[in-house]
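Here's the structure, in structure tokens; my notes come after.
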Amino acid sequence: MKAIWNGKIIAESNDIVNVEGNSYFPIESVKKEFLNNSEMHSVCPWKGNAFYYSLDVGDKINKDAAWYYPEPKEAAKQIKGRVAFWKGVEIVND
């Protein structure tokens, strides 16, 4: 699977974990040059505290378009070390 935004592949992996309709990519499969830490945080009752990245690709920034759980709760331990995308990032299975 691939995560694509602004014409670039952001992440690519066959090792995907799907949770609540979101594809979580291993952090190692994400091209770090496109990620910028964000100040955004959110809380999920069963997954824990989410942290965000903004995507910086070409001449565009997609604010808070990726998220991850650095210390997910036990029920969501399968997404530790993984990143998911939204806000127009296309997830394709090729």
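FYI, nothing fancy with the structure tokens labels: chains A, B, ... in order, residues from 1 per chain, ligands from 1 as they appear.
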
Discussion item. When you look at segment 42-44 of chain A with a cut-off of 10 Å (counting only C-alpha atoms), what residues show up, excluding the ones that are within fewer than 2 positions of it in the same chain? I need them as a ChimeraX atom specification.
Written reply: /A:40,46-52,67,69,72-73

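Excluding Asp15 of chain A and any residue on its chain fewer than 4 positions from it, the residues at most 9 Å away by only C-alpha atoms are Met1, Tyr24, Phe25 and Pro26 of chain A.
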
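A straight line drawn from atom CA of Pro45 of chain A to atom CA of Ile79 of chain A is 14.8 Å long.
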
Item to complete: Using only C-alpha atoms, determine which residues lie at most 12 Å from Gly88 of chain A, disregarding the query and same-chain residues fewer than 3 positions distant; provide the list as a PyMOL selection string.
Response: chain A and resi 3-7+55+61-66+85+91

Next, dump the selected residues to file, keeping only N, CA and C atoms, as a compact mmCIF listing (two decimals), in the first residue's frame.
```txt
# COMPACT_ATOMS: atom_id res chain seq x y z
N ALA A 3 0.82 5.66 0.61
CA ALA A 3 0.18 6.92 1.01
C ALA A 3 0.76 7.98 0.09
N ILE A 4 -0.12 8.69 -0.65
CA ILE A 4 0.32 9.66 -1.64
C ILE A 4 -0.34 11.01 -1.37
N TRP A 5 0.48 12.06 -1.45
CA TRP A 5 -0.06 13.42 -1.34
C TRP A 5 0.80 14.36 -2.18
N ASN A 6 0.14 15.28 -2.85
CA ASN A 6 0.79 16.27 -3.70
C ASN A 6 1.75 15.61 -4.70
N GLY A 7 1.31 14.46 -5.24
CA GLY A 7 2.06 13.78 -6.27
C GLY A 7 3.27 12.98 -5.80
N LEU A 55 2.56 17.53 6.74
CA LEU A 55 3.31 17.08 5.57
C LEU A 55 3.81 18.30 4.81
N ILE A 61 1.96 22.58 2.17
CA ILE A 61 1.96 22.02 3.53
C ILE A 61 0.55 21.53 3.84
N ASN A 62 0.46 20.32 4.34
CA ASN A 62 -0.82 19.73 4.75
C ASN A 62 -0.75 19.59 6.27
N LYS A 63 -1.32 20.57 6.95
CA LYS A 63 -1.21 20.69 8.41
C LYS A 63 -1.91 19.52 9.12
N ASP A 64 -1.18 18.91 10.04
CA ASP A 64 -1.72 17.84 10.90
C ASP A 64 -2.30 16.67 10.10
N ALA A 65 -1.69 16.31 8.98
CA ALA A 65 -2.24 15.30 8.09
C ALA A 65 -1.83 13.87 8.44
N ALA A 66 -0.95 13.70 9.41
CA ALA A 66 -0.54 12.36 9.84
C ALA A 66 -0.55 12.31 11.35
N PHE A 85 -2.74 8.46 8.08
CA PHE A 85 -2.89 9.71 7.32
C PHE A 85 -4.36 10.04 7.08
N ILE A 91 -4.70 6.79 0.05
CA ILE A 91 -4.15 5.48 0.39
C ILE A 91 -4.55 4.53 -0.74
```

Item to complete: Would you please give, as a list in words, all residues of segment 10-71 of chain A that DSSP assigns to helix (DSSP H, G or I) based on the backbone?
Response: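 Helix (DSSP H, G or I) members of segment 10-71 of chain A, listed: Ile27, Glu28, Ser29, Lys32, Glu33 and Phe34 of chain A.
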
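The coordinates place atom CA of Ala84 of chain A at 6.5 Å from atom CA of Tyr68 of chain A.
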
Worksheet item: Can you list, as a PyMOL selection string, every protein, DNA or RNA residue that comes within 6 Å of Ser29 of chain A when you count only C-alpha atoms, leaving out same-chain residues fewer than 2 positions away?
Response: chain A and resi 11-12+26-27

Discussion item. Ranking A:Lys80, A:Val19, A:Glu90, A:Ile10 by minimum distance to Ser54 of chain A and counting only C-alpha atoms, which one comes first?
Written reply: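 Closest candidate: A:Ile10.
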
Fill in: Backbone-only DSSP, strand (DSSP E or B) members of chain A, as a PyMOL selection string
chain A and resi 2-5+8-12+17-19+22-26+30+35-44+48-57+60-68+82-85+90-92

Expected file contents, prior selection, N, CA and C atoms, as a short mmCIF file (atom, residue, chain, number, x, y, z; two decimals), in the first residue's frame:
```cif
data_model
loop_
_atom_site.label_atom_id
_atom_site.label_comp_id
_atom_site.auth_asym_id
_atom_site.auth_seq_id
_atom_site.Cartn_x
_atom_site.Cartn_y
_atom_site.Cartn_z
N LYS A 2 0.32 2.31 -0.53
CA LYS A 2 1.04 3.58 -0.58
C LYS A 2 0.17 4.70 -0.03
N ALA A 3 0.82 5.66 0.61
CA ALA A 3 0.18 6.92 1.01
C ALA A 3 0.76 7.98 0.09
N ILE A 4 -0.12 8.69 -0.65
CA ILE A 4 0.32 9.66 -1.64
C ILE A 4 -0.34 11.01 -1.37
N TRP A 5 0.48 12.06 -1.45
CA TRP A 5 -0.06 13.42 -1.34
C TRP A 5 0.80 14.36 -2.18
N LYS A 8 3.47 12.87 -4.50
CA LYS A 8 4.62 12.15 -3.96
C LYS A 8 4.17 10.98 -3.08
N ILE A 9 4.95 9.92 -3.11
CA ILE A 9 4.70 8.80 -2.20
C ILE A 9 5.27 9.17 -0.84
N ILE A 10 4.40 9.23 0.15
CA ILE A 10 4.80 9.59 1.52
C ILE A 10 5.24 8.35 2.28
N ALA A 11 4.52 7.23 2.05
CA ALA A 11 4.84 5.97 2.73
C ALA A 11 4.47 4.82 1.80
N GLU A 12 5.19 3.71 1.96
CA GLU A 12 4.91 2.53 1.15
C GLU A 12 5.28 1.29 1.94
N VAL A 17 -1.56 -2.08 9.32
CA VAL A 17 -2.54 -2.42 10.35
C VAL A 17 -3.72 -1.49 10.15
N ASN A 18 -4.91 -2.06 9.97
CA ASN A 18 -6.12 -1.25 9.79
C ASN A 18 -6.90 -1.17 11.09
N VAL A 19 -7.17 0.05 11.52
CA VAL A 19 -7.94 0.30 12.73
C VAL A 19 -8.94 1.40 12.44
N ASN A 22 -8.66 3.26 9.20
CA ASN A 22 -7.40 3.95 8.93
C ASN A 22 -6.27 2.94 8.75
N SER A 23 -5.43 3.19 7.75
CA SER A 23 -4.28 2.32 7.48
C SER A 23 -3.07 2.89 8.21
N TYR A 24 -2.52 2.10 9.13
CA TYR A 24 -1.33 2.51 9.88
C TYR A 24 -0.10 1.88 9.24
N PHE A 25 0.82 2.74 8.78
CA PHE A 25 2.06 2.32 8.15
C PHE A 25 3.17 2.25 9.19
N PRO A 26 4.10 1.30 9.06
CA PRO A 26 5.27 1.30 9.96
C PRO A 26 6.04 2.61 9.79
N VAL A 30 7.80 5.38 6.22
CA VAL A 30 7.41 6.76 5.95
C VAL A 30 8.66 7.58 5.60
N LEU A 35 7.92 14.91 6.74
CA LEU A 35 7.24 15.09 8.02
C LEU A 35 7.81 16.25 8.82
N ASN A 36 6.91 17.05 9.38
CA ASN A 36 7.28 18.10 10.33
C ASN A 36 6.44 17.90 11.58
N ASN A 37 7.07 17.93 12.75
CA ASN A 37 6.32 17.80 13.99
C ASN A 37 5.28 18.90 14.09
N SER A 38 4.14 18.55 14.63
CA SER A 38 3.05 19.49 14.81
C SER A 38 2.78 19.69 16.31
N GLU A 39 2.17 20.79 16.64
CA GLU A 39 1.78 21.05 18.03
C GLU A 39 0.44 20.37 18.36
N MET A 40 -0.23 19.84 17.36
CA MET A 40 -1.55 19.22 17.54
C MET A 40 -1.45 17.92 18.34
N HIS A 41 -2.38 17.74 19.26
CA HIS A 41 -2.53 16.51 20.02
C HIS A 41 -4.02 16.22 20.17
N SER A 42 -4.36 14.96 20.30
CA SER A 42 -5.74 14.58 20.58
C SER A 42 -5.72 13.35 21.46
N VAL A 43 -6.89 13.01 22.00
CA VAL A 43 -7.00 11.87 22.90
C VAL A 43 -8.12 10.95 22.41
N CYS A 44 -7.81 9.69 22.33
CA CYS A 44 -8.81 8.66 22.02
C CYS A 44 -9.00 7.85 23.29
N GLY A 48 -5.44 6.16 23.28
CA GLY A 48 -4.51 6.98 24.04
C GLY A 48 -4.29 8.35 23.43
N ASN A 49 -3.11 8.91 23.67
CA ASN A 49 -2.77 10.26 23.20
C ASN A 49 -2.12 10.22 21.83
N ALA A 50 -2.72 10.96 20.89
CA ALA A 50 -2.18 11.01 19.53
C ALA A 50 -1.36 12.28 19.34
N PHE A 51 -0.27 12.13 18.61
CA PHE A 51 0.58 13.24 18.21
C PHE A 51 0.50 13.33 16.69
N TYR A 52 0.79 14.51 16.15
CA TYR A 52 0.59 14.73 14.71
C TYR A 52 1.85 15.23 14.02
N TYR A 53 1.86 15.00 12.72
CA TYR A 53 2.85 15.57 11.81
C TYR A 53 2.11 16.37 10.76
N SER A 54 2.73 17.43 10.28
CA SER A 54 2.27 18.10 9.07
C SER A 54 3.15 17.58 7.94
N LEU A 55 2.56 17.53 6.74
CA LEU A 55 3.31 17.08 5.57
C LEU A 55 3.81 18.30 4.81
N ASP A 56 5.06 18.29 4.43
CA ASP A 56 5.69 19.36 3.66
C ASP A 56 6.21 18.73 2.38
N VAL A 57 5.43 18.88 1.31
CA VAL A 57 5.75 18.21 0.04
C VAL A 57 5.73 19.24 -1.08
N LYS A 60 3.76 22.75 -0.94
CA LYS A 60 2.53 22.72 -0.16
C LYS A 60 2.75 22.09 1.21
N ILE A 61 1.96 22.58 2.17
CA ILE A 61 1.96 22.02 3.53
C ILE A 61 0.55 21.53 3.84
N ASN A 62 0.46 20.32 4.34
CA ASN A 62 -0.82 19.73 4.75
C ASN A 62 -0.75 19.59 6.27
N LYS A 63 -1.32 20.57 6.95
CA LYS A 63 -1.21 20.69 8.41
C LYS A 63 -1.91 19.52 9.12
N ASP A 64 -1.18 18.91 10.04
CA ASP A 64 -1.72 17.84 10.90
C ASP A 64 -2.30 16.67 10.10
N ALA A 65 -1.69 16.31 8.98
CA ALA A 65 -2.24 15.30 8.09
C ALA A 65 -1.83 13.87 8.44
N ALA A 66 -0.95 13.70 9.41
CA ALA A 66 -0.54 12.36 9.84
C ALA A 66 -0.55 12.31 11.35
N TRP A 67 -0.85 11.15 11.89
CA TRP A 67 -0.85 11.03 13.35
C TRP A 67 -0.30 9.67 13.77
N TYR A 68 0.11 9.64 15.03
CA TYR A 68 0.67 8.42 15.61
C TYR A 68 0.45 8.43 17.11
N ARG A 82 3.63 3.17 14.42
CA ARG A 82 2.96 3.30 13.13
C ARG A 82 2.34 4.69 12.96
N VAL A 83 2.14 5.06 11.70
CA VAL A 83 1.61 6.38 11.34
C VAL A 83 0.42 6.20 10.42
N ALA A 84 -0.63 6.99 10.62
CA ALA A 84 -1.80 6.99 9.74
C ALA A 84 -1.96 8.39 9.14
N PHE A 85 -2.74 8.46 8.08
CA PHE A 85 -2.89 9.71 7.32
C PHE A 85 -4.36 10.04 7.08
N GLU A 90 -4.02 10.20 -0.11
CA GLU A 90 -4.65 9.06 -0.77
C GLU A 90 -3.93 7.77 -0.38
N ILE A 91 -4.70 6.79 0.05
CA ILE A 91 -4.15 5.48 0.39
C ILE A 91 -4.55 4.53 -0.74
N VAL A 92 -3.56 3.99 -1.43
CA VAL A 92 -3.84 3.12 -2.56
C VAL A 92 -3.20 1.76 -2.36
#
```
